[in-house]
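Report on one structure; see the data block that follows.
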Amino acid sequence: MADLESVDWPPEPIKTERLVLREAEARDRPAFVELLASSDVHTYLGGPRARAELERELPAVPEQWPGSFVVELDGSMIGQVLLRRATEHRRPAAVGKVDLGYLFLPRAWGSGYAAEACSAALGWLDSALPGESVVLTTQSANAGSMRLAAKLGFAEVERFQAWDAEQWLGLR
């Protein structure tokens with residue numbers, strides 16, 4: 001089981017029909033602050049972080065590590081797709097597998113960008129680390145993420161309680 005740190009990083013930007021997935025750059029910092037401070041984005045993720053705290057603490061180039069893709073539309077960051085090895089997880093079924101995560105700015109919701117970006121990132125993973133199992137965890141109340149999980153081919157492994165809500169764990 002190879003870790004994401006073992007792959008060549010960053011890859012060439014991944015271009016889809018409408019998007020570019022690439023490594024984070026300094027110009028993305030304001031969008032990261034917006035993303036992490038958004039109460040809409042963090043409705044199912046434990047709540048937003050304080051904007052002032054983010055402005056103080058985020059590095060000049062946030063989230064620059066293997067498996068972290070900025071999602072760009074028309075030259076601007078609209079979200080992030082994350083692939084990381086779940087070395088620790090609340091559920092034993094997820095430990096050791098690659099975990100898919102994603103965050104998109106509300107203005108990008110409802111246009112299929114998350115499905116397009118996640119599909120592209122999973123395609124990259126399939127070529128970089130063939131045969132890897134991927135898990136996705138979301139609150140079962142998050143209807144949009146539940147639809148996205150199904151569209152991406154994730155099948156339910158289990159539901160469990162955490163963070164005061166029912167969580168859904170899927171496997172692809």
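Starting from 1 in every chain, residues are counted up; chains themselves are A, B, ... following the order of the structure tokens, and ligands are numbered from 1 as listed.
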
- Skip stretch 40-57 of chain A itself and residues of its chain fewer than 6 positions away, then list as a count of residues only all residues within 10 Å of it, counting only C-alpha atoms. 20

- Message: Write out as number ranges by chain the set of residues from stretch 76-124 of chain A that DSSP, computed on the backbone, places in helix (DSSP H, G or I).
- Response: A: 92-94, 106-108, 113-124

Write the residues you've just listed into a file as a PDB file, in the first residue's frame, and include N, CA and C atoms for each of them.
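Saved the output as part.pdb:
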ATOM      1  N   PRO A  92     -13.181   1.389  11.629  1.00  0.00           N
ATOM      2  CA  PRO A  92     -12.124   0.478  11.194  1.00  0.00           C
ATOM      3  C   PRO A  92     -12.164   0.167   9.694  1.00  0.00           C
ATOM      4  N   ALA A  93     -13.349   0.159   9.089  1.00  0.00           N
ATOM      5  CA  ALA A  93     -13.467  -0.159   7.661  1.00  0.00           C
ATOM      6  C   ALA A  93     -12.760   0.861   6.773  1.00  0.00           C
ATOM      7  N   ALA A  94     -12.489   2.055   7.295  1.00  0.00           N
ATOM      8  CA  ALA A  94     -11.856   3.104   6.492  1.00  0.00           C
ATOM      9  C   ALA A  94     -10.339   3.176   6.675  1.00  0.00           C
ATOM     10  N   PRO A 106     -20.074  28.179  -2.151  1.00  0.00           N
ATOM     11  CA  PRO A 106     -21.506  28.104  -2.470  1.00  0.00           C
ATOM     12  C   PRO A 106     -21.858  28.575  -3.881  1.00  0.00           C
ATOM     13  N   ARG A 107     -21.147  29.540  -4.405  1.00  0.00           N
ATOM     14  CA  ARG A 107     -21.460  30.021  -5.765  1.00  0.00           C
ATOM     15  C   ARG A 107     -21.203  28.946  -6.832  1.00  0.00           C
ATOM     16  N   ALA A 108     -20.482  27.896  -6.467  1.00  0.00           N
ATOM     17  CA  ALA A 108     -20.176  26.815  -7.413  1.00  0.00           C
ATOM     18  C   ALA A 108     -21.114  25.617  -7.246  1.00  0.00           C
ATOM     19  N   TYR A 113     -19.936  20.761 -10.743  1.00  0.00           N
ATOM     20  CA  TYR A 113     -18.481  20.921 -10.645  1.00  0.00           C
ATOM     21  C   TYR A 113     -17.857  19.912  -9.685  1.00  0.00           C
ATOM     22  N   ALA A 114     -18.523  19.629  -8.563  1.00  0.00           N
ATOM     23  CA  ALA A 114     -17.964  18.684  -7.594  1.00  0.00           C
ATOM     24  C   ALA A 114     -17.834  17.298  -8.218  1.00  0.00           C
ATOM     25  N   ALA A 115     -18.867  16.859  -8.936  1.00  0.00           N
ATOM     26  CA  ALA A 115     -18.801  15.538  -9.583  1.00  0.00           C
ATOM     27  C   ALA A 115     -17.690  15.505 -10.623  1.00  0.00           C
ATOM     28  N   GLU A 116     -17.579  16.553 -11.409  1.00  0.00           N
ATOM     29  CA  GLU A 116     -16.557  16.625 -12.456  1.00  0.00           C
ATOM     30  C   GLU A 116     -15.154  16.621 -11.850  1.00  0.00           C
ATOM     31  N   ALA A 117     -14.960  17.415 -10.801  1.00  0.00           N
ATOM     32  CA  ALA A 117     -13.640  17.514 -10.171  1.00  0.00           C
ATOM     33  C   ALA A 117     -13.273  16.228  -9.425  1.00  0.00           C
ATOM     34  N   CYS A 118     -14.210  15.681  -8.676  1.00  0.00           N
ATOM     35  CA  CYS A 118     -13.928  14.441  -7.937  1.00  0.00           C
ATOM     36  C   CYS A 118     -13.663  13.282  -8.890  1.00  0.00           C
ATOM     37  N   SER A 119     -14.412  13.205  -9.977  1.00  0.00           N
ATOM     38  CA  SER A 119     -14.168  12.157 -10.981  1.00  0.00           C
ATOM     39  C   SER A 119     -12.763  12.277 -11.554  1.00  0.00           C
ATOM     40  N   ALA A 120     -12.346  13.507 -11.838  1.00  0.00           N
ATOM     41  CA  ALA A 120     -11.002  13.722 -12.389  1.00  0.00           C
ATOM     42  C   ALA A 120      -9.926  13.349 -11.372  1.00  0.00           C
ATOM     43  N   ALA A 121     -10.114  13.727 -10.116  1.00  0.00           N
ATOM     44  CA  ALA A 121      -9.137  13.397  -9.072  1.00  0.00           C
ATOM     45  C   ALA A 121      -9.067  11.884  -8.854  1.00  0.00           C
ATOM     46  N   LEU A 122     -10.216  11.216  -8.873  1.00  0.00           N
ATOM     47  CA  LEU A 122     -10.228   9.756  -8.726  1.00  0.00           C
ATOM     48  C   LEU A 122      -9.576   9.079  -9.926  1.00  0.00           C
ATOM     49  N   GLY A 123      -9.758   9.642 -11.119  1.00  0.00           N
ATOM     50  CA  GLY A 123      -9.075   9.120 -12.306  1.00  0.00           C
ATOM     51  C   GLY A 123      -7.567   9.240 -12.163  1.00  0.00           C
ATOM     52  N   TRP A 124      -7.101  10.384 -11.641  1.00  0.00           N
ATOM     53  CA  TRP A 124      -5.673  10.569 -11.396  1.00  0.00           C
ATOM     54  C   TRP A 124      -5.184   9.512 -10.396  1.00  0.00           C
TER      55      TRP A 124
END

- Note on the structure: Correct to one decimal, the distance atom CA of A:Glu166-atom CA of A:Leu35 is 23.7 Å

- Message: as a ChimeraX atom specification, please: every residue in chain A that a backbone DSSP assignment puts in strand (DSSP E).
- Response: /A:14-15,19-22,68-73,76-85,98-104,134-139,155-162,165-171

Output as a tab-separated table one row per residue of stretch 12-49 of chain A within 10 Å of stretch 78-85 of chain A: the closest atom pair and its distance in Å to one decimal place, counting only C-alpha atoms, sorted by chain and residue number ascending.
residue	atom	partner	partner_atom	distance
A:Leu19	CA	A:Ile78	CA	9.6
A:Leu21	CA	A:Val81	CA	8.4
A:Arg22	CA	A:Gln80	CA	9.5
A:Glu23	CA	A:Gln80	CA	9.8
A:Ala24	CA	A:Gln80	CA	9.1
A:Asp28	CA	A:Ile78	CA	9.4
A:Ala31	CA	A:Ile78	CA	7.4
A:Phe32	CA	A:Gly79	CA	8.2
A:Glu34	CA	A:Ile78	CA	10.0
A:Leu35	CA	A:Gly79	CA	7.5

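With distances taken over only C-alpha atoms, A:Arg172 is the one residue among A:Arg27, A:Arg91, A:Arg172, A:Lys15 lying closest to A:Leu136.
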
- Which neighbours of A:Pro66 fall inside 7 Å, counting only C-alpha atoms, when residues of the same chain fewer than 6 positions from it are skipped, and could you give them as a PyMOL selection string? chain A and resi 4-5+9-10

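Taking atom CA of A:Val135 and atom CA of A:Asp99 as endpoints, the distance between them is 4.9 Å.
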
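Between A:Ser111 and the candidates A:Gly75, A:Arg18, A:Ser68, A:Pro130, the tightest atom-to-atom separation, counting only C-alpha atoms, involves A:Arg18.
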
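Coordinates place atom CA of A:Trp65 at a distance of 25.3 Å from atom CA of A:Gly112.
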